[in-house]
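Below is start_12.cif, which holds mmCIF, C-alpha atoms.
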data_final
loop_
_atom_site.label_atom_id
_atom_site.label_comp_id
_atom_site.auth_asym_id
_atom_site.auth_seq_id
_atom_site.Cartn_x
_atom_site.Cartn_y
_atom_site.Cartn_z
CA MET A 1 6.25 17.62 -1.96
CA LEU A 2 3.38 15.72 -3.55
CA ASP A 3 0.86 17.19 -6.00
CA SER A 4 -2.65 16.75 -4.67
CA HIS A 5 -3.83 15.07 -7.89
CA ALA A 6 -1.01 13.00 -9.37
CA PRO A 7 0.66 9.90 -7.96
CA LEU A 8 4.43 10.07 -7.49
CA LEU A 9 6.71 7.10 -8.24
CA ASN A 10 10.09 6.74 -6.55
CA PRO A 11 11.47 3.87 -8.67
CA VAL A 12 14.23 2.33 -6.55
CA LYS A 13 13.79 -1.00 -8.34
CA PRO A 14 12.79 -1.31 -12.00
CA PRO A 15 9.49 -2.90 -13.09
CA PRO A 16 7.91 -5.38 -13.26
CA TYR A 17 6.22 -4.91 -9.91
CA LYS A 18 5.01 -8.40 -9.03
CA ARG A 19 4.59 -8.01 -5.23
CA MET A 20 2.74 -4.90 -4.06
CA PHE A 21 2.10 -3.80 -0.49
CA PHE A 22 -0.17 -1.19 1.05
CA LEU A 23 -2.05 -0.26 4.21
CA VAL A 24 -5.85 -0.51 4.40
CA ASP A 25 -7.03 1.97 7.04
CA GLY A 26 -10.59 2.74 5.92
CA SER A 27 -9.79 6.25 4.62
CA LYS A 28 -10.63 7.67 1.18
CA GLY A 29 -6.92 7.71 0.43
CA SER A 30 -6.75 4.04 1.29
CA LYS A 31 -9.42 3.32 -1.34
CA ARG A 32 -7.41 5.30 -3.94
CA ALA A 33 -4.28 3.37 -2.99
CA ALA A 34 -6.20 0.08 -3.30
CA ASP A 35 -7.42 1.05 -6.78
CA MET A 36 -3.90 2.03 -7.84
CA ALA A 37 -2.41 -1.20 -6.42
CA MET A 38 -5.04 -3.19 -8.32
CA ARG A 39 -4.25 -1.41 -11.60
CA VAL A 40 -0.51 -1.98 -11.20
CA ALA A 41 -1.04 -5.62 -10.22
CA MET A 42 -3.24 -6.19 -13.27
CA SER A 43 -0.71 -4.63 -15.65
CA HIS A 44 2.27 -6.50 -14.15
CA GLU A 45 0.46 -9.79 -13.42
CA GLY A 46 1.29 -9.18 -9.77
CA GLU A 47 -0.15 -9.86 -6.35
CA ILE A 48 -1.19 -7.53 -3.54
CA PHE A 49 -0.37 -7.83 0.14
CA ALA A 50 -2.63 -5.68 2.32
CA LEU A 51 -1.90 -4.71 5.91
CA VAL A 52 -5.37 -4.13 7.37
CA ILE A 53 -6.21 -2.04 10.45
CA ASP A 54 -8.46 -4.05 12.76
CA ASP A 55 -11.74 -2.12 12.46
CA ALA A 56 -15.04 -2.56 10.61
CA ILE A 57 -14.46 0.08 7.90
CA SER A 58 -11.03 -1.27 6.99
CA MET A 59 -12.35 -4.82 6.81
CA VAL A 60 -15.17 -3.74 4.46
CA ASP A 61 -12.59 -2.00 2.24
CA TYR A 62 -10.43 -5.13 2.25
CA ILE A 63 -13.39 -7.35 1.30
CA ASP A 64 -14.08 -4.99 -1.63
CA LEU A 65 -10.43 -5.25 -2.71
CA GLU A 66 -10.51 -9.04 -2.42
CA ARG A 67 -13.70 -9.12 -4.55
CA LYS A 68 -12.01 -7.01 -7.25
CA GLY A 69 -8.98 -9.31 -7.10
CA ASN A 70 -11.22 -12.30 -7.76
CA ILE A 71 -12.85 -10.52 -10.70
CA TYR A 72 -9.54 -9.43 -12.29
CA GLY A 73 -7.44 -12.49 -11.42
CA VAL A 74 -5.18 -10.73 -8.89
CA MET A 75 -4.20 -12.61 -5.74
CA VAL A 76 -4.87 -10.49 -2.64
CA THR A 77 -3.49 -11.48 0.76
CA LYS A 78 -4.09 -9.74 4.08
CA GLU A 79 -2.61 -9.42 7.52
CA VAL A 80 -4.71 -7.75 10.21
CA ILE A 81 -2.90 -5.30 12.55
CA GLU A 82 -3.92 -5.28 16.16
CA GLY A 83 -0.91 -3.46 17.58
CA ASN A 84 0.92 -0.30 16.56
CA PRO A 85 0.23 0.26 12.84
CA SER A 86 3.32 2.44 12.33
CA LEU A 87 5.70 -0.24 13.60
CA GLU A 88 4.02 -3.01 11.62
CA TYR A 89 3.95 -0.85 8.47
CA VAL A 90 7.65 0.04 8.59
CA GLU A 91 8.62 -3.55 9.41
CA LYS A 92 6.71 -4.89 6.40
CA ILE A 93 8.25 -2.29 4.09
CA ARG A 94 11.78 -3.08 5.32
CA TYR A 95 11.58 -6.88 5.46
CA GLY A 96 8.61 -7.87 3.31
CA ASN A 97 10.50 -8.38 0.04
CA PHE A 98 8.03 -6.27 -1.95
CA ASP A 99 8.68 -4.77 -5.39
CA LEU A 100 6.40 -1.79 -4.84
CA VAL A 101 4.83 -0.07 -1.84
CA VAL A 102 1.67 1.86 -2.68
CA LEU A 103 1.75 4.61 -0.08
CA ASN A 104 -1.46 6.43 0.86
CA TRP A 105 -0.16 10.00 1.21
CA CYS A 106 -3.40 11.09 2.91
CA CYS A 107 -3.17 8.32 5.50
CA THR A 108 -4.35 9.38 8.94
CA THR A 109 -3.08 6.25 10.68
CA ILE A 110 0.62 6.88 9.98
CA LYS A 111 2.23 10.24 10.78
CA LYS A 112 3.20 12.45 7.84
CA ASP A 113 6.86 12.63 8.97
CA LEU A 114 7.10 8.85 8.81
CA LEU A 115 5.42 8.74 5.39
CA ARG A 116 7.89 11.35 4.12
CA ARG A 117 10.82 9.35 5.48
CA ILE A 118 9.56 6.15 3.85
CA LEU A 119 9.16 7.94 0.51
CA VAL A 120 12.69 9.30 0.59
CA ASP A 121 14.69 6.53 2.32
CA SER A 122 13.02 3.29 1.25
CA GLN A 123 15.04 0.58 -0.49
CA THR A 124 11.79 -0.48 -2.21
CA SER A 125 10.06 1.40 -5.01
CA ILE A 126 7.29 3.64 -3.65
CA LEU A 127 4.16 4.84 -5.44
CA ALA A 128 2.73 7.69 -3.35
CA VAL A 129 -0.98 8.19 -4.02
CA PRO A 130 -2.59 11.49 -2.95
#
The structure in this file should be written as structure tokens.
Amino acid sequence: MLDSHAPLLNPVKPPPYKRMFFLVDGSKGSKRAADMAMRVAMSHEGEIFALVIDDAISMVDYIDLERKGNIYGVMVTKEVIEGNPSLEYVEKIRYGNFDLVVLNWCCTTIKKDLLRRILVDSQTSILAVP
């Protein structure tokens, strides 16, 4: 469904993408998603909302993203998840009023079936990053 090298955009809403959302889970894919979210935010003068798993690796990744946001003039906001990440993730996608969800296709925190469903059924534009 998704090429292992190229991001896939499901453009439900047209650009500009001012409010981006993604999950920080400490994985390599999460870092790629963060970089992609930063690039899109810079090109659309947008802001990033990060849902962060409550662990040391994820927090270090978030701090790195926040540092890059300060350098490039992109506002980065976080919410730390302490409960079920799948429920929080879906709730934010459905009700968060975001223009673009940057989806980490290699995410190990969220099940692949749920990621697939989000990609296909979302009412928000999705950028799936391998």
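With only C-alpha atoms as the atoms that count, the residue of A:Val52, A:Leu65, A:Val12, A:Leu114 with the shortest distance to Asp99 in chain A is A:Val12.
Residues selected in this file by the PyMOL selection byres ((chain A and resi 66-71) around 12) comprise Val24, Ala34, Asp35, Ala37, Met38, Arg39, Val40, Ala41, Met42, Glu45, Gly46, Glu47, Ile48, Phe49, Ala50, Met59, Val60, Asp61, Tyr62, Ile63, Asp64, Leu65, Tyr72, Gly73, Val74, Met75, Val76, Thr77 and Lys78 of chain A.
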Shortest contact to Pro7 in chain A, candidates A:Ala33, A:Phe22, A:Glu79, A:Leu51, atoms counted all atoms listed in the file, goes to A:Ala33
> Between A:Leu119, A:Ala128, A:Leu23, A:Ile53, which one has atoms that come closest to Asn84 in chain A, using only C-alpha atoms?
Replying inline: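 Of A:Leu119, A:Ala128, A:Leu23, A:Ile53, the one nearest Asn84 in chain A is A:Ile53, counting only C-alpha atoms.
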Original post:
Got a sec: who's within 12 Å of Lys111 in chain A, counting all atoms listed in the file, leaving out chain neighbours fewer than 6 positions off, as a PyMOL selection string?
Top reply: chain A and resi 85-87+89-90+104-105+117-118
_Taking all atoms listed in the file into account, name the residue in A:Ser27, A:Met20, A:Glu82, A:Ala6 that is nearest to Leu100 in chain A._
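The shortest atom-to-atom distance to Leu100 in chain A comes from A:Met20.
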**OP:** Could you tell me which residues the PyMOL selection byres ((chain A and resi 29) around 7) grabs in this file, written as a list in words?
**Re:** Ser27, Lys28, Ser30, Lys31, Arg32, Ala33, Asn104, Cys106, Cys107 and Pro130 of chain A
What is the CA of Ile110 in chain A-CA of His5 in chain A distance in Å, reported with one decimal?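 Computed distance, CA of Ile110 in chain A to CA of His5 in chain A, equals 20.2 Å.
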Check: Taking all atoms listed in the file into account, which of A:Asp55, A:Met36, A:Leu115, A:Asp25 comes nearest Ile93 in chain A?
Finding: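 The answer is A:Leu115, which sits nearest to Ile93 in chain A.
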Nearest to Pro15 in chain A, restricted to only C-alpha atoms and choosing among A:Asp121, A:Ile126, A:Val80, A:Leu103, comes out as A:Ile126
I'd like the neighbourhood of Asn97 in chain A as a PyMOL selection string, where a residue qualifies if any of its atoms comes within 9 Å (using only C-alpha atoms), though same-chain residues fewer than 3 positions away should be ignored.
chain A and resi 19+92-94+124
Between CA of Lys112 in chain A and CA of Lys13 in chain A lies a distance of 23.6 Å
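For the pair CA of Ile81 in chain A and CA of Leu127 in chain A, the interatomic distance is 21.8 Å.
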